[in-house]
Every structure is written in C-alpha cells, then in structure tokens.
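Written out below as structure tokens is the structure these notes cover.
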Amino acid sequence: MYDLVVVGAGPYGLSVAAHAAARGLRLRTFGRSMESWHAMPSGMFLKSEPWASHLSAPEGAYGLDVYTAARGVRAAHGVPLPVDLFASYGDWFARQAVPALDERLIGTVAPAADGFELRTEDGEAVRARTVALAVGVLPFMEVPGPLRELPRRFVTHSSHHGDLDRFAGRDVTVVGAGQAALETATILVEQGAATVRILARADRLHWNTPPPALDRGRWPALRAPHTGLGCGWRNKLYADAPGVFRRLPAATRARIFDSALGPAGAWWLRERFAAVGDVRLGQRITSATVTPDERLRLGVAGPDGSTVLETDHVVAATGFTPDVDRATVLSPVLRASLRTVGGGGAPEVGGLFESSWPGLFLAGLLTAPSYGPSMRFVLGAEYTAGRLVRGVRRRLRAGARGGAVGRPRAGGKAPVAA
C-alpha cells in the first residue's frame, strides 16, 4: 500500500508529487503530464509573469527560470511567455522531480479499509493510505445552459481546442469576456475564420494594464506592491496569505471568489484583438437550436431586446466552476460525504488541504473558494504543495497511532482540520 497517490499531473499535481518524493513517501503519481497545457492552441501566451509561474519543489529547485536559461530563452518581467514553452517546462520538471510518473488516468477513487482504492483506466487496482486530488480545471468546464446538450460539432469549450485552424472559412461565435475568449477570438481571425464575433454578458471589456517595472522606487512599490496576481495590497493578500483568506467568514470568501480578478484581457493582446470587429456586449444566450442546414440558431437577449443569430459553431470560453459533483473520479460515496464551502458546491478544505474525508487531500481550483483566487493560477502551487504534504504526513502519523485514515467519523461527515 502506498502512502500517497497523486491524481493529476498538471502544475499542482507535479508540485505535490515533488514535495512528497523529497520527503521519502511511498508515492505513485498518475496523469498525463501538463495535458491541458499541451492541448491549448498554438500561439497562446501565459497571462502570468514568468517569475510567478514556477512549479514548486523543495528549496525552490527546478524553477522556470532554470529551464529557460538552459535553453537560451528570455523569461523576463513584462515579456509574455508562450504556453507551449511552459508546458514543456512542466514536462522537464516532472522528469527531474517526480519519480516514475504513470501517464495512465485514474478512473475512480473509492474508500477502502485503511485508506482508498483507486482504479486506473485499464482496470489496475491501486491501494493508498492517502490521496491528493489535483485534477486541474478540465472536469469543471462551464458552458451556458442552453448550449449544454448540443453535440460537440456545434458547441465546444475553449479548453477543447489544441488548434483552431479547422474553423478556417467558417462563422464562429465566441462566448465570454475573459482572456480565453478574447485570445481565442483573436487567433480565429488570424487563422482565417470567415466571421468571428464575441458575445458576452458583461457590458464592457476589461483590459489589464502593462506591468510597471520591478524596480520602480520605494513609494510606488509601497502604494501598489508587485504580486504574482498583479499590483496592489488586495492582490498581495490573495497571493501571499491564502491562509488568512481561509479564515474569513464563508460569506465573505464566497463574495470575493465571485468578484476578485474578474474577466480581463492581457495588455499585450489588446492591439491584436482590434481585428475582431464584431463585439456584442450585454448579451446572453436564451435558446439554441440546430437548423435544417446544420447551423446553430441562437436566441439572444440584450438591453435592446431579443434577437436571433445564426452561426456555424460556438466556442464557450466561459470558465470553470469548482463543484465537487463534477469531480466524477471520486466515488459517489466520497462526493456525497464532503463538506462544502458555505453550503455551495466546492469542498471545504482545512489548513493543510485535507478535505472532510480523512486522508483525501485537494489541490488547485477545487480549493479556490477556501483559499482564494491564487488557487486558480499556477502561483498557488507554491503555497499548496509543501503544506499539503505536511498534512499527508500528519494524517499518516495519526493512522499509525490508530486514528482514522479514509473513514469519516460515525454519524456523518468528518470535520475539517483547522
């Protein structure tokens, strides 16, 4: 039986595995290295600064700066970094810091005596005393309600696309107002789509401003300190003190999670985005049907009333919702047993990232409603990885003393550790 199985091999899963391996835990890590990053369209760039995009290993080893320097690539403040380069960095990090990454996917995680039983996609059973679930964002894709039941030949999420050239010569509607929507629309135009439009519920587009210089003098730095989430003291709280965020009242955390660091385009995209001539704001899709000639007919409501729009394809760049019911890799028993944040769909996690089911640890987007906006970004892996592994070691010691591992207390859901 393994001490820990890590489910997922993106930035959070690889970072957790690196810390666990360094601590000498009996470890297995499952997942396709940086899968969602490799699947992004060619030509996309990181929105975060390179210095805020390191995966986490003990003592800061295997940073992005080490990887880029060895390859003669400039990774500088204010210079956007290609997504495919970042994905390759994650693969390199895995080779350096994660022993024997198993690229099979895990199909199910279920409770078992003294821990958990996991089943790989090809049916192998793996037993573990603890599990770290770090499945990234793909299970939590959000698509507007009227579009959810339509076939994928008509509607896709922005995360489905490794390239966009198949839309050359077609009419495409991109839904959303954030970076994914704006960059997807821009690349579609650049790759020859016949017509590209943005459809967004927001009444205006927001654009990030170019980052100020890192060395800009004492007083500007005090007024608006640099953080991995942008400048400002509020962002500094989110970036540097997720543990403080976790102790805020549940209603306050929910409000901040819904509003902080909202949809915005990167400053370096704005000039290119000007090529997208059809931007329709304050609009929401109310209905969607397939026409006899195999097009989509969308009912759209806006401030000036309702209209009908026909298009060949919709790309929903509408983000991700951290709802535990979408984490279907967890057995129904586990999902139903997890305590959630303020009665919502996101699972509550304790001070060392343990869920309310003893021995089940969570990392990444699922923890954002508990720990704040940084958990939606690579930046949060640094705060998460070492603490989560500390929690795993504490749980293993408790199990060795006869405490529960993988079993909630009798009478209901287990409490979340402080």
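Naming works like this for the structure tokens: A, B, ... for the chains as they're shown, residue 1 at the start of each chain, ligands 1 onward in shown order.
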message = What's around Ser287 of chain A at 8 Å? Count only C-alpha atoms, leave out sequence neighbours fewer than 3 positions away in its own chain, and write the answer as number ranges by chain.
response = A: 146-147, 298-300
Keeping only C-alpha atoms, write the selected residues as a short mmCIF file (atom, residue, chain, number, x, y, z; two decimals), in the first residue's frame.
```cif
data_model
loop_
_atom_site.label_atom_id
_atom_site.label_comp_id
_atom_site.auth_asym_id
_atom_site.auth_seq_id
_atom_site.Cartn_x
_atom_site.Cartn_y
_atom_site.Cartn_z
CA PRO A 146 -28.93 26.48 -23.49
CA LEU A 147 -25.79 25.08 -25.13
CA LEU A 298 -29.23 31.32 -31.10
CA GLY A 299 -31.83 33.33 -29.27
CA VAL A 300 -30.01 36.28 -27.70
#
```
Closest atom pairs, segment 185-242 of chain A residues within 10 Å of segment 27-50 of chain A, only C-alpha atoms, as CSV:
```
residue,atom,partner,partner_atom,distance
A:Ile187,CA,A:Gly43,CA,7.6
A:Asn208,CA,A:Lys47,CA,9.8
A:Pro211,CA,A:Glu49,CA,9.1
A:Thr227,CA,A:Glu49,CA,9.6
A:Gly228,CA,A:Glu49,CA,7.0
A:Leu229,CA,A:Ser48,CA,7.4
A:Gly230,CA,A:Ser48,CA,8.6
```
With N, CA and C atoms retained, write the just-selected residues as a short mmCIF file (atom, residue, chain, number, x, y, z; two decimals), in the first residue's frame.
```cif
data_model
loop_
_atom_site.label_atom_id
_atom_site.label_comp_id
_atom_site.auth_asym_id
_atom_site.auth_seq_id
_atom_site.Cartn_x
_atom_site.Cartn_y
_atom_site.Cartn_z
N ILE A 187 -7.11 34.63 -32.27
CA ILE A 187 -6.42 33.59 -33.05
C ILE A 187 -7.31 33.09 -34.18
N ASN A 208 -6.15 44.37 -18.68
CA ASN A 208 -5.07 44.63 -17.73
C ASN A 208 -4.11 45.67 -18.32
N PRO A 211 2.48 45.83 -16.88
CA PRO A 211 3.03 45.82 -15.52
C PRO A 211 4.12 46.87 -15.37
N THR A 227 2.75 41.62 -7.05
CA THR A 227 2.44 40.26 -6.61
C THR A 227 2.29 39.40 -7.86
N GLY A 228 2.24 38.10 -7.65
CA GLY A 228 2.04 37.20 -8.78
C GLY A 228 0.66 37.29 -9.39
N LEU A 229 -0.23 38.07 -8.78
CA LEU A 229 -1.59 38.25 -9.30
C LEU A 229 -1.83 39.66 -9.78
N GLY A 230 -0.79 40.47 -9.88
CA GLY A 230 -0.94 41.87 -10.25
C GLY A 230 -0.56 42.76 -9.07
#
```
Long-range neighbours of Ala275 of chain A as a PDB file with C-alpha atoms, in the first residue's frame, 10 Å cut-off, only C-alpha atoms, 4 positions minimum in chain:
```pdb
ATOM      1  CA  ALA A 185     -11.326  35.100 -30.978  1.00  0.00           C
ATOM      2  CA  THR A 186      -8.090  36.829 -31.962  1.00  0.00           C
ATOM      3  CA  ILE A 187      -6.418  33.592 -33.049  1.00  0.00           C
ATOM      4  CA  VAL A 189      -9.306  35.804 -37.006  1.00  0.00           C
ATOM      5  CA  GLU A 190      -5.575  35.361 -37.529  1.00  0.00           C
ATOM      6  CA  VAL A 196     -15.696  35.875 -35.705  1.00  0.00           C
ATOM      7  CA  ARG A 270      -5.333  44.393 -26.941  1.00  0.00           C
ATOM      8  CA  GLU A 271      -3.798  45.603 -30.184  1.00  0.00           C
TER       9      GLU A 271
END
```
note = From the list A:Ala301, A:Gly345, A:Val155, A:Pro58, the nearest residue to Arg387 of chain A using only C-alpha atoms is A:Pro58
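Residues in contact with Ser374 of chain A at 10 Å, where only C-alpha atoms are counted and same-chain residues fewer than 3 positions away are skipped, are listed as Gly228, Leu229, Asn235, Lys236, Leu237, Tyr238, Ala239, Asp240, Ala241, Pro242, Leu261, Gly364, Leu365, Thr367, Ala368, Tyr371, Phe377, Val378, Leu379, Gly380, Ala381 and Tyr383 of chain A.
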